[in-house]
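**Student:** Take a look at model_29.csv, CSV, C-alpha atoms and all ligand atoms:
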```
chain,number,residue,atom,x,y,z
G,1,MET,CA,0.0,0.0,0.0
G,2,ALA,CA,1.1,3.6,-0.6
G,3,ALA,CA,0.0,6.8,1.0
G,4,CYS,CA,-0.6,9.8,-1.2
G,5,THR,CA,1.6,12.0,1.0
G,6,PRO,CA,4.7,11.3,3.1
G,7,THR,CA,4.6,10.6,6.8
G,8,PRO,CA,2.3,7.6,6.8
G,9,SER,CA,0.6,6.6,10.0
G,10,ALA,CA,2.8,5.0,12.7
G,11,GLU,CA,4.2,1.8,11.3
G,12,THR,CA,3.8,-1.0,13.6
G,13,GLY,CA,6.6,-2.9,15.3
G,14,VAL,CA,4.4,-3.2,18.3
G,15,ALA,CA,6.5,-4.1,21.3
G,16,ALA,CA,5.6,-7.1,23.3
G,17,ASP,CA,5.4,-4.8,26.3
G,18,THR,CA,1.8,-4.7,27.4
G,19,SER,CA,2.4,-2.6,30.4
G,20,THR,CA,-0.8,-1.3,31.9
G,21,GLU,CA,0.6,1.9,33.4
G,22,ALA,CA,-2.2,4.2,34.5
G,23,ALA,CA,-2.8,7.1,32.1
G,24,GLY,CA,-3.8,9.7,34.5
G,25,PRO,CA,-6.5,10.6,37.0
G,26,ALA,CA,-9.4,9.4,34.9
G,27,THR,CA,-11.3,6.5,36.5
G,28,GLY,CA,-14.7,4.9,36.3
G,29,ASP,CA,-16.8,5.7,33.2
G,30,ASP,CA,-14.1,7.9,31.7
G,31,ALA,CA,-11.1,5.7,32.3
G,32,PRO,CA,-9.1,4.9,29.2
G,33,TYR,CA,-10.0,2.0,27.0
G,34,ALA,CA,-7.8,-1.1,26.7
G,35,MET,CA,-6.5,-2.9,23.6
G,36,ALA,CA,-9.3,-5.4,24.2
G,37,ASP,CA,-11.9,-2.7,23.6
G,38,PHE,CA,-10.6,-2.0,20.1
G,39,ALA,CA,-12.9,-4.5,18.4
G,40,THR,CA,-16.1,-3.4,20.2
G,41,VAL,CA,-15.9,0.4,20.1
G,42,ARG,CA,-17.5,2.1,17.1
G,43,LYS,CA,-14.8,3.8,15.0
G,44,PHE,CA,-14.5,5.9,11.9
G,45,ASP,CA,-11.4,6.4,9.7
G,46,ALA,CA,-12.1,9.7,8.1
G,47,HIS,CA,-9.3,9.6,5.5
G,48,VAL,CA,-8.7,6.5,3.3
G,49,HIS,CA,-8.4,5.9,-0.4
G,50,ALA,CA,-10.1,2.8,-1.8
G,51,ASN,CA,-8.6,2.6,-5.2
G,52,ASP,CA,-9.5,-0.9,-6.2
G,53,ALA,CA,-12.8,-2.7,-6.9
G,54,ASP,CA,-11.6,-5.3,-4.4
G,55,THR,CA,-13.2,-4.6,-1.0
G,56,SER,CA,-10.4,-5.9,1.3
G,57,MET,CA,-10.1,-2.6,3.2
G,58,LEU,CA,-13.9,-2.4,3.6
G,59,GLN,CA,-14.0,-6.1,4.9
G,60,GLN,CA,-11.3,-5.2,7.4
G,61,ALA,CA,-13.3,-2.2,8.5
G,62,ARG,CA,-16.3,-4.4,9.1
G,63,ALA,CA,-14.2,-6.8,11.1
G,64,ASP,CA,-12.6,-4.0,13.2
G,65,ASN,CA,-15.9,-2.0,13.7
G,66,PHE,CA,-14.8,0.9,11.5
G,67,GLU,CA,-16.7,3.0,9.0
G,68,LEU,CA,-14.6,4.5,6.3
G,69,LEU,CA,-14.5,7.8,4.4
G,70,SER,CA,-12.8,7.2,1.1
G,71,ILE,CA,-11.6,10.5,-0.4
G,72,ASN,CA,-11.3,10.9,-4.2
G,73,VAL,CA,-8.4,13.0,-5.2
G,74,ASP,CA,-6.9,14.4,-8.4
G,75,TYR,CA,-3.5,12.7,-7.8
G,76,PRO,CA,-1.6,11.5,-10.9
G,77,ASP,CA,-0.5,8.3,-9.2
G,78,PHE,CA,-4.1,7.3,-8.4
G,79,PRO,CA,-6.6,5.8,-10.9
G,80,SER,CA,-8.4,8.5,-13.0
G,81,LEU,CA,-11.1,10.6,-11.2
G,82,GLN,CA,-13.7,8.8,-13.2
G,83,HIS,CA,-12.4,5.4,-12.0
G,84,GLN,CA,-12.1,6.5,-8.4
G,85,ARG,CA,-15.7,7.7,-8.6
G,86,GLU,CA,-16.9,4.3,-9.9
G,87,ILE,CA,-15.0,2.4,-7.2
G,88,THR,CA,-16.2,4.5,-4.3
G,89,LEU,CA,-19.8,4.7,-5.6
G,90,ALA,CA,-19.9,0.9,-5.9
G,91,GLN,CA,-18.6,0.3,-2.4
G,92,ALA,CA,-20.9,2.9,-0.9
G,93,LYS,CA,-23.8,1.2,-2.6
G,94,ALA,CA,-22.7,-2.2,-1.5
G,95,ASP,CA,-22.3,-1.3,2.2
G,96,PRO,CA,-23.7,2.2,3.0
G,97,ALA,CA,-23.4,1.4,6.8
G,98,HIS,CA,-19.6,1.2,6.6
G,99,PHE,CA,-18.5,3.1,3.4
G,100,HIS,CA,-18.7,6.8,2.7
G,101,TRP,CA,-17.0,8.8,0.0
G,102,ALA,CA,-15.8,12.4,-0.7
G,103,ALA,CA,-16.0,13.8,-4.2
G,104,THR,CA,-13.5,16.0,-5.9
G,105,PHE,CA,-13.0,17.9,-9.1
G,106,SER,CA,-10.4,18.5,-11.8
G,107,MET,CA,-8.5,21.8,-12.1
G,108,SER,CA,-8.2,21.2,-15.9
G,109,GLY,CA,-9.7,24.3,-17.6
G,110,PHE,CA,-9.7,26.4,-14.4
G,111,GLY,CA,-10.6,30.0,-15.2
G,112,ASP,CA,-13.1,29.2,-18.0
G,113,LYS,CA,-16.8,29.8,-17.4
G,114,ALA,CA,-17.4,26.4,-18.7
G,115,TRP,CA,-15.1,25.0,-16.0
G,116,LEU,CA,-17.1,26.4,-13.1
G,117,GLN,CA,-20.4,25.2,-14.5
G,118,GLN,CA,-18.9,21.7,-15.1
G,119,VAL,CA,-17.4,21.5,-11.6
G,120,ASN,CA,-20.5,22.7,-9.8
G,121,ALA,CA,-22.8,20.4,-11.9
G,122,GLY,CA,-20.5,17.5,-11.1
G,123,LEU,CA,-20.6,18.3,-7.3
G,124,ASP,CA,-24.4,18.5,-7.5
G,125,ARG,CA,-24.5,15.1,-9.1
G,126,ASP,CA,-22.0,13.6,-6.6
G,127,VAL,CA,-23.8,14.9,-3.5
G,128,ALA,CA,-27.1,13.7,-4.9
G,129,GLU,CA,-25.4,10.3,-5.2
G,130,GLY,CA,-24.3,10.3,-1.6
G,131,ALA,CA,-20.9,12.1,-1.4
G,132,VAL,CA,-20.6,13.5,2.1
G,133,ALA,CA,-17.7,15.9,1.5
G,134,VAL,CA,-15.6,17.5,-1.3
G,135,LYS,CA,-11.8,17.4,-1.4
G,136,VAL,CA,-9.4,20.0,-2.6
G,137,TRP,CA,-5.8,18.8,-2.9
G,138,LYS,CA,-2.3,20.3,-2.6
G,139,ASN,CA,-2.1,20.6,-6.4
G,140,ILE,CA,-3.8,23.9,-5.6
G,141,GLY,CA,-0.9,25.9,-4.3
G,142,MET,CA,1.9,23.5,-5.3
G,143,VAL,CA,1.3,22.3,-8.9
G,144,GLU,CA,-1.4,24.3,-10.8
G,145,LYS,CA,-0.2,27.5,-12.5
G,146,ASP,CA,-2.0,30.4,-14.1
G,147,ALA,CA,-1.4,31.8,-17.6
G,148,GLN,CA,1.5,33.8,-16.2
G,149,GLY,CA,3.1,30.8,-14.6
G,150,LYS,CA,2.2,31.9,-11.1
G,151,ALA,CA,0.9,29.3,-8.6
G,152,ILE,CA,-2.8,29.1,-8.3
G,153,MET,CA,-3.4,29.5,-4.5
G,154,LEU,CA,-6.5,28.3,-2.6
G,155,ASP,CA,-7.7,31.9,-2.1
G,156,ASN,CA,-7.7,32.5,-5.9
G,157,PRO,CA,-11.0,34.4,-6.6
G,158,GLY,CA,-11.8,31.8,-9.2
G,159,LEU,CA,-12.2,29.1,-6.5
G,160,ALA,CA,-14.6,31.2,-4.3
G,161,PRO,CA,-17.7,30.2,-6.3
G,162,VAL,CA,-16.9,26.5,-5.9
G,163,ALA,CA,-16.4,27.0,-2.1
G,164,GLU,CA,-19.8,28.8,-2.0
G,165,HIS,CA,-21.4,26.0,-3.9
G,166,VAL,CA,-20.0,23.4,-1.5
G,167,ARG,CA,-21.3,25.4,1.4
G,168,ALA,CA,-24.7,25.6,-0.2
G,169,LEU,CA,-24.7,21.8,-0.8
G,170,GLY,CA,-24.3,21.5,3.0
G,171,VAL,CA,-21.2,19.3,2.9
G,172,PRO,CA,-17.7,20.1,4.3
G,173,LEU,CA,-14.7,20.9,2.2
G,174,ILE,CA,-11.7,18.7,3.0
G,175,ALA,CA,-8.6,20.8,2.2
G,176,HIS,CA,-5.1,19.2,1.9
G,177,GLN,CA,-2.9,22.2,1.5
G,178,GLY,CA,0.9,22.1,1.6
G,179,GLU,CA,3.0,19.3,2.9
G,180,PRO,CA,4.6,18.3,6.3
G,181,TYR,CA,6.8,21.1,7.6
G,182,ASN,CA,9.7,18.6,7.2
G,183,CYS,CA,9.4,19.1,3.4
G,184,TRP,CA,10.9,22.6,3.8
G,185,LEU,CA,13.7,21.4,6.0
G,186,PRO,CA,17.1,19.9,5.1
G,187,LEU,CA,17.1,16.1,5.4
G,188,ASP,CA,19.2,16.1,8.6
G,189,LYS,CA,16.7,18.4,10.3
G,190,MET,CA,13.6,16.3,9.5
G,191,THR,CA,11.8,14.8,12.5
G,192,THR,CA,10.9,11.4,11.0
G,193,ASN,CA,12.8,8.8,9.0
G,194,ASN,CA,10.0,8.2,6.6
G,195,ASP,CA,9.9,11.8,5.5
G,196,ARG,CA,13.7,11.8,5.3
G,197,GLU,CA,13.7,8.7,3.1
G,198,TYR,CA,10.8,9.9,0.9
G,199,PHE,CA,12.4,13.3,0.2
G,200,ALA,CA,15.8,11.9,-0.4
G,201,LYS,CA,14.3,9.7,-3.1
G,202,HIS,CA,12.0,12.4,-4.5
G,203,PRO,CA,14.1,15.6,-4.6
G,204,GLN,CA,11.6,17.1,-7.0
G,205,TYR,CA,9.1,17.3,-4.1
G,206,HIS,CA,11.6,18.4,-1.5
G,207,MET,CA,10.7,22.1,-1.1
G,208,TYR,CA,13.9,22.9,0.8
G,209,LEU,CA,15.6,22.4,-2.6
G,210,HIS,CA,13.0,24.6,-4.4
G,211,PRO,CA,13.0,28.1,-2.8
G,212,GLU,CA,11.3,29.4,-6.0
G,213,GLN,CA,8.2,27.5,-5.0
G,214,PRO,CA,5.7,28.9,-2.4
G,215,SER,CA,6.9,28.5,1.2
G,216,HIS,CA,5.1,26.6,3.9
G,217,ALA,CA,4.1,29.9,5.4
G,218,THR,CA,2.8,31.3,2.1
G,219,LEU,CA,0.6,28.2,1.5
G,220,MET,CA,-0.7,28.3,5.1
G,221,ALA,CA,-1.5,32.0,4.8
G,222,ALA,CA,-3.4,31.5,1.5
G,223,ARG,CA,-5.4,28.6,3.2
G,224,ASP,CA,-6.1,30.8,6.2
G,225,ARG,CA,-7.4,33.7,4.0
G,226,PHE,CA,-9.6,31.2,2.2
G,227,VAL,CA,-11.1,29.8,5.5
G,228,ALA,CA,-11.6,33.3,6.8
G,229,ALA,CA,-13.4,34.3,3.6
G,230,HIS,CA,-15.9,31.5,4.0
G,231,PRO,CA,-16.8,31.5,7.6
G,232,THR,CA,-19.9,29.3,7.3
G,233,LEU,CA,-18.2,26.7,5.1
G,234,ARG,CA,-17.2,23.7,7.2
G,235,VAL,CA,-13.6,23.0,6.5
G,236,VAL,CA,-11.7,19.8,7.4
G,237,GLY,CA,-7.9,20.5,7.4
G,238,ALA,CA,-6.5,17.2,6.1
G,239,HIS,CA,-3.3,15.9,7.7
G,240,MET,CA,-3.7,18.2,10.8
G,241,ALA,CA,-4.0,21.1,8.4
G,242,SER,CA,-0.3,20.7,7.6
G,243,LEU,CA,0.4,22.1,11.1
G,244,GLU,CA,1.4,18.7,12.4
G,245,TYR,CA,4.8,19.9,13.6
G,246,ASP,CA,3.5,21.8,16.7
G,247,VAL,CA,0.2,21.3,18.5
G,248,ASP,CA,0.4,24.9,19.8
G,249,VAL,CA,0.4,26.2,16.2
G,250,LEU,CA,-2.5,23.9,15.4
G,251,ALA,CA,-4.4,25.1,18.4
G,252,GLY,CA,-4.0,28.6,17.2
G,253,PHE,CA,-5.6,27.6,13.8
G,254,LEU,CA,-8.5,25.9,15.5
G,255,ASP,CA,-9.0,28.9,17.9
G,256,ARG,CA,-9.0,31.2,14.9
G,257,PHE,CA,-11.4,29.2,12.7
G,258,PRO,CA,-14.4,27.8,14.6
G,259,ASN,CA,-15.7,26.4,11.3
G,260,ALA,CA,-12.6,24.1,10.9
G,261,THR,CA,-11.8,20.6,12.1
G,262,VAL,CA,-8.7,18.6,11.2
G,263,ASP,CA,-8.0,15.0,10.5
G,264,LEU,CA,-5.0,13.1,11.9
G,265,ALA,CA,-4.3,11.2,8.7
G,266,ALA,CA,-0.7,10.1,8.1
G,267,ARG,CA,0.7,12.4,10.8
G,268,MET,CA,0.6,10.2,13.9
G,269,SER,CA,4.3,9.9,14.1
G,270,GLN,CA,4.6,13.7,14.2
G,271,VAL,CA,2.2,13.7,17.1
G,272,GLN,CA,4.3,10.9,18.8
G,273,TYR,CA,7.5,12.9,18.2
G,274,GLN,CA,5.9,15.7,20.2
G,275,SER,CA,4.4,13.5,22.9
G,276,ASN,CA,7.8,11.9,23.5
G,277,ALA,CA,9.1,15.4,24.3
G,278,ASP,CA,6.1,16.4,26.4
G,279,ARG,CA,3.4,13.8,26.8
G,280,ALA,CA,1.2,15.9,29.1
G,281,LYS,CA,1.1,18.8,26.6
G,282,VAL,CA,0.0,16.7,23.7
G,283,ARG,CA,-2.5,14.8,25.8
G,284,ASP,CA,-4.0,18.2,27.0
G,285,PHE,CA,-4.2,19.3,23.3
G,286,PHE,CA,-6.4,16.2,22.5
G,287,ILE,CA,-8.6,16.8,25.5
G,288,ARG,CA,-9.0,20.5,24.8
G,289,TYR,CA,-9.8,20.1,21.1
G,290,GLN,CA,-11.7,16.8,21.5
G,291,ASP,CA,-14.6,18.2,19.4
G,292,ARG,CA,-12.4,19.3,16.5
G,293,LEU,CA,-10.3,16.2,15.7
G,294,LEU,CA,-11.1,13.4,13.3
G,295,TYR,CA,-9.3,10.1,13.4
G,296,GLY,CA,-7.9,9.2,10.0
G,297,THR,CA,-5.0,7.3,8.5
G,298,ASP,CA,-4.5,7.8,4.7
G,299,LEU,CA,-4.5,4.1,4.3
G,300,THR,CA,-4.6,3.4,0.5
G,301,GLN,CA,-5.7,0.3,-1.2
G,302,SER,CA,-3.7,0.4,-4.5
G,303,PRO,CA,-5.0,-1.3,-7.6
G,304,GLY,CA,-4.1,-5.0,-7.6
G,305,ALA,CA,-2.8,-5.0,-4.0
G,306,GLU,CA,-2.8,-8.5,-2.4
G,307,PRO,CA,-6.1,-8.7,-0.4
G,308,ALA,CA,-4.5,-10.5,2.6
G,309,GLN,CA,-1.7,-7.9,2.8
G,310,VAL,CA,-4.2,-5.0,2.6
G,311,LYS,CA,-6.2,-6.5,5.5
G,312,ALA,CA,-3.1,-7.2,7.6
G,313,GLU,CA,-1.6,-3.8,7.1
G,314,THR,CA,-4.9,-2.0,7.6
G,315,HIS,CA,-5.5,-3.9,10.9
G,316,ALA,CA,-1.9,-3.3,12.1
G,317,VAL,CA,-2.1,0.5,11.5
G,318,TRP,CA,-5.5,0.8,13.2
G,319,GLN,CA,-4.3,-1.3,16.2
G,320,SER,CA,-1.1,0.8,16.5
G,321,ASP,CA,-3.0,4.0,16.5
G,322,TRP,CA,-5.5,2.7,19.0
G,323,ARG,CA,-2.6,1.6,21.3
G,324,TYR,CA,-1.2,5.1,21.1
G,325,LEU,CA,-4.4,7.2,21.4
G,326,ALA,CA,-6.6,5.1,23.6
G,327,THR,CA,-4.2,3.3,25.9
G,328,ALA,CA,-1.1,4.2,27.9
G,329,GLU,CA,0.8,1.2,26.6
G,330,THR,CA,4.3,1.6,25.0
G,331,GLN,CA,5.1,0.6,21.5
G,332,HIS,CA,8.2,0.9,19.3
G,333,VAL,CA,7.7,3.3,16.4
G,334,ASP,CA,10.2,2.5,13.6
G,335,VAL,CA,10.1,5.9,11.8
G,336,LEU,CA,11.1,7.6,15.1
G,337,GLU,CA,13.5,4.9,16.1
G,338,ALA,CA,11.9,5.3,19.6
G,339,ASP,CA,9.5,3.7,22.1
G,340,VAL,CA,6.4,5.8,22.4
G,341,GLN,CA,4.0,5.7,25.3
G,342,GLY,CA,0.3,6.0,24.5
G,343,LEU,CA,-1.8,9.0,25.5
G,344,GLY,CA,-4.4,7.0,27.3
G,345,LEU,CA,-7.1,9.5,26.5
G,346,PRO,CA,-10.4,9.4,28.4
G,347,ARG,CA,-12.9,7.2,26.7
G,348,SER,CA,-15.3,10.1,26.2
G,349,VAL,CA,-12.6,11.8,24.1
G,350,ILE,CA,-11.8,8.7,22.2
G,351,ASP,CA,-15.5,8.3,21.4
G,352,LYS,CA,-15.6,11.7,19.8
G,353,VAL,CA,-12.2,11.6,18.0
G,354,TYR,CA,-12.9,8.1,16.7
G,355,TYR,CA,-16.6,8.4,15.9
G,356,SER,CA,-19.1,11.1,16.8
G,357,ASN,CA,-17.1,14.0,15.5
G,358,ALA,CA,-17.2,12.4,12.0
G,359,VAL,CA,-20.9,11.6,12.3
G,360,ARG,CA,-21.5,15.3,13.0
G,361,GLU,CA,-19.1,16.7,10.4
G,362,PHE,CA,-20.3,14.4,7.6
G,363,ASN,CA,-24.0,14.6,8.5
G,364,LEU,CA,-24.4,10.9,8.9
G,365,GLN,CA,-27.7,9.5,10.1
G,366,ARG,CA,-26.4,7.6,13.1
G,367,ALA,CA,-27.8,7.1,16.6
G,368,LEU,CA,-25.2,8.4,19.1
G,401,ZN,ZN,-4.9,11.1,1.4
```
Written as structure tokens, how would this file's structure read?
Ligand SMILES: [Zn+2]
**Tutor:**
Amino acid sequence: MAACTPTPSAETGVAADTSTEAAGPATGDDAPYAMADFATVRKFDAHVHANDADTSMLQQARADNFELLSINVDYPDFPSLQHQREITLAQAKADPAHFHWAATFSMSGFGDKAWLQQVNAGLDRDVAEGAVAVKVWKNIGMVEKDAQGKAIMLDNPGLAPVAEHVRALGVPLIAHQGEPYNCWLPLDKMTTNNDREYFAKHPQYHMYLHPEQPSHATLMAARDRFVAAHPTLRVVGAHMASLEYDVDVLAGFLDRFPNATVDLAARMSQVQYQSNADRAKVRDFFIRYQDRLLYGTDLTQSPGAEPAQVKAETHAVWQSDWRYLATAETQHVDVLEADVQGLGLPRSVIDKVYYSNAVREFNLQRAL
């Protein structure tokens, strides 16, 4: 399996250590869950990519008590948008209780009047057919250029009518803007091995080497202007809104924009890096922003992937993340070359981050 961005979720390497060290003062009804609760608690992975007609990831979701949000994205390494749409529609139709999907649109033809009509008509059709969100990807800001060769940023006036249309449709906009902050750092300053390895292999995407491209700060500022300009549009900042490197900075974003939530997809090791430095601070962040965080992984089922391997890897990532967020157990995280103790969050917080926040954000008809 491959993720569509660097920094995949914590790879496993789960230590045999199953210490049951207490997580904090919580007791009784709000005491942390245990590993044994993983199978029985309702959960929602708000960021996956089902890119194959094979339903192995969905089968694993059913087995592990997960619902999925599969996000279509205009990414050249993924199947075509049309094909992604067919796959996600088919799986949603086959199992509407467990599978949801987010629509997206192509930037090809951006700026033409015909483009806007086509995009909005496509989104009307997609929401009518069950899409629960719309995704915009980092190609806006990092790839797409205007006629003068300047990067098209998220706050480009040509995108405002699309944002307004998404708002009117009553679904949130999932915005993946930018990259992990590591992307703008030299290799030896990056916080995780997987980013270091990815950018060493893909220098074309390593923004530290491309100062002519928009900086992380420039991309974040454009995104923030966009969110501010659409205060009643619900925005989900994918990948911790690309502010994964510092929970204080992310807290500032969430304070500033009450219409925003963020997903945790493919950034758990960045959270773990911070909690290894100051566990109480990161734990407090999750408790304070318990209504604004959506569990997600970026797990991707690539075309032709071996079903047994998809299931095993999916289950392993979900279990590792549960061990970290829900329990106070310690596990080895390979990309950090470190042991990481879990946050042992109160179960009321886990129930929100893992389920009810997604039900609210994506307007799902579920009894809570
Ligand atoms: Zn993704």
**Student:** Taking only C-alpha atoms and all ligand atoms into account, report as number ranges by chain which residues have an atom no farther than 9 Å from an atom of ligand ZN 401 (chain G).
**Tutor:** G: 3-5, 47-49, 70-73, 137, 176, 238-239, 265-266, 297-300
**Student:** Mind checking which residues fall within 6 Å of range 205-220 of chain G, counting only C-alpha atoms, ignoring those fewer than 2 positions away in the same chain, and posting them as a VMD selection string?
**Tutor:** chain G and resid 183 to 185 199 202 to 203 222 to 223
**Student:** Take CA of Arg292 in chain G and CA of Lys138 in chain G and report the distance between them in Å, one decimal.
**Tutor:** 21.6 Å
**Student:** Counting all atoms listed in the file, which residues sit no farther than 10 Å from the position (-15.0, 29.4, -13.2) in the file's frame? I'd like them as number ranges by chain.
**Tutor:** G: 109-120, 157-162
**Student:** Could you dump the residues just selected with C-alpha atoms as a compact mmCIF listing (two decimals), keeping the file's coordinate frame?
**Tutor:**
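Okay, part-v9.txt is ready:
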```
# COMPACT_ATOMS: atom_id res chain seq x y z
CA GLY G 109 -9.70 24.30 -17.60
CA PHE G 110 -9.70 26.40 -14.40
CA GLY G 111 -10.60 30.00 -15.20
CA ASP G 112 -13.10 29.20 -18.00
CA LYS G 113 -16.80 29.80 -17.40
CA ALA G 114 -17.40 26.40 -18.70
CA TRP G 115 -15.10 25.00 -16.00
CA LEU G 116 -17.10 26.40 -13.10
CA GLN G 117 -20.40 25.20 -14.50
CA GLN G 118 -18.90 21.70 -15.10
CA VAL G 119 -17.40 21.50 -11.60
CA ASN G 120 -20.50 22.70 -9.80
CA PRO G 157 -11.00 34.40 -6.60
CA GLY G 158 -11.80 31.80 -9.20
CA LEU G 159 -12.20 29.10 -6.50
CA ALA G 160 -14.60 31.20 -4.30
CA PRO G 161 -17.70 30.20 -6.30
CA VAL G 162 -16.90 26.50 -5.90
```
**Student:** Separation of CA of Tyr33 in chain G and CA of Gly342 in chain G, in Å?
**Tutor:**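 Result for CA of Tyr33 in chain G versus CA of Gly342 in chain G: 11.3 Å, one decimal.
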**Student:** Fewer than 2 positions away in the same chain doesn't count, so skip those; otherwise give me all residues within 7 Å of Val136 in chain G, counting only C-alpha atoms, as an mmCIF file with C-alpha atoms, in the frame of the given file.
**Tutor:**
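What ended up in selection_27.cif:
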```
data_model
loop_
_atom_site.group_PDB
_atom_site.id
_atom_site.type_symbol
_atom_site.label_atom_id
_atom_site.label_comp_id
_atom_site.auth_asym_id
_atom_site.auth_seq_id
_atom_site.Cartn_x
_atom_site.Cartn_y
_atom_site.Cartn_z
ATOM 1 C CA THR G 104 -13.500 16.000 -5.900
ATOM 2 C CA VAL G 134 -15.600 17.500 -1.300
ATOM 3 C CA ILE G 174 -11.700 18.700 3.000
ATOM 4 C CA ALA G 175 -8.600 20.800 2.200
ATOM 5 C CA HIS G 176 -5.100 19.200 1.900
#
```
**Student:** Point out the residue among G:Gln341, G:Ala277, G:Ala151, G:Asp291 with the least atom-to-atom distance to Ala328 in chain G, counting all atoms listed in the file.
**Tutor:**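 So, comparing all the options, the nearest one is G:Gln341.
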**Student:** For Gly170 in chain G, find every residue with an atom within 9 Å (counting only C-alpha atoms), except residues of its own chain fewer than 6 positions away, and show them as a PyMOL selection string.
**Tutor:** chain G and resi 132-133+233-234+363
**Student:** Find the distance between CA of Leu364 in chain G and CA of Pro303 in chain G and write it in Å to one decimal.
**Tutor:**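 Answer for the CA of Leu364 in chain G to CA of Pro303 in chain G separation: 28.2 Å.
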**Student:** Rank G:Ser106, G:Asn182, G:Thr330, G:Ser320 by their smallest atom-to-atom distance to Phe38 in chain G, using all atoms listed in the file, and report the top residue only.
**Tutor:**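 Going through G:Ser106, G:Asn182, G:Thr330, G:Ser320 one by one, the smallest distance to Phe38 in chain G is for G:Ser320.
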**Student:** For Gln270 in chain G, which residue among G:Leu336, G:Leu123, G:Leu169, G:Ala221 is the nearest when counting all atoms listed in the file?
**Tutor:**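 Nearest to Gln270 in chain G: G:Leu336.
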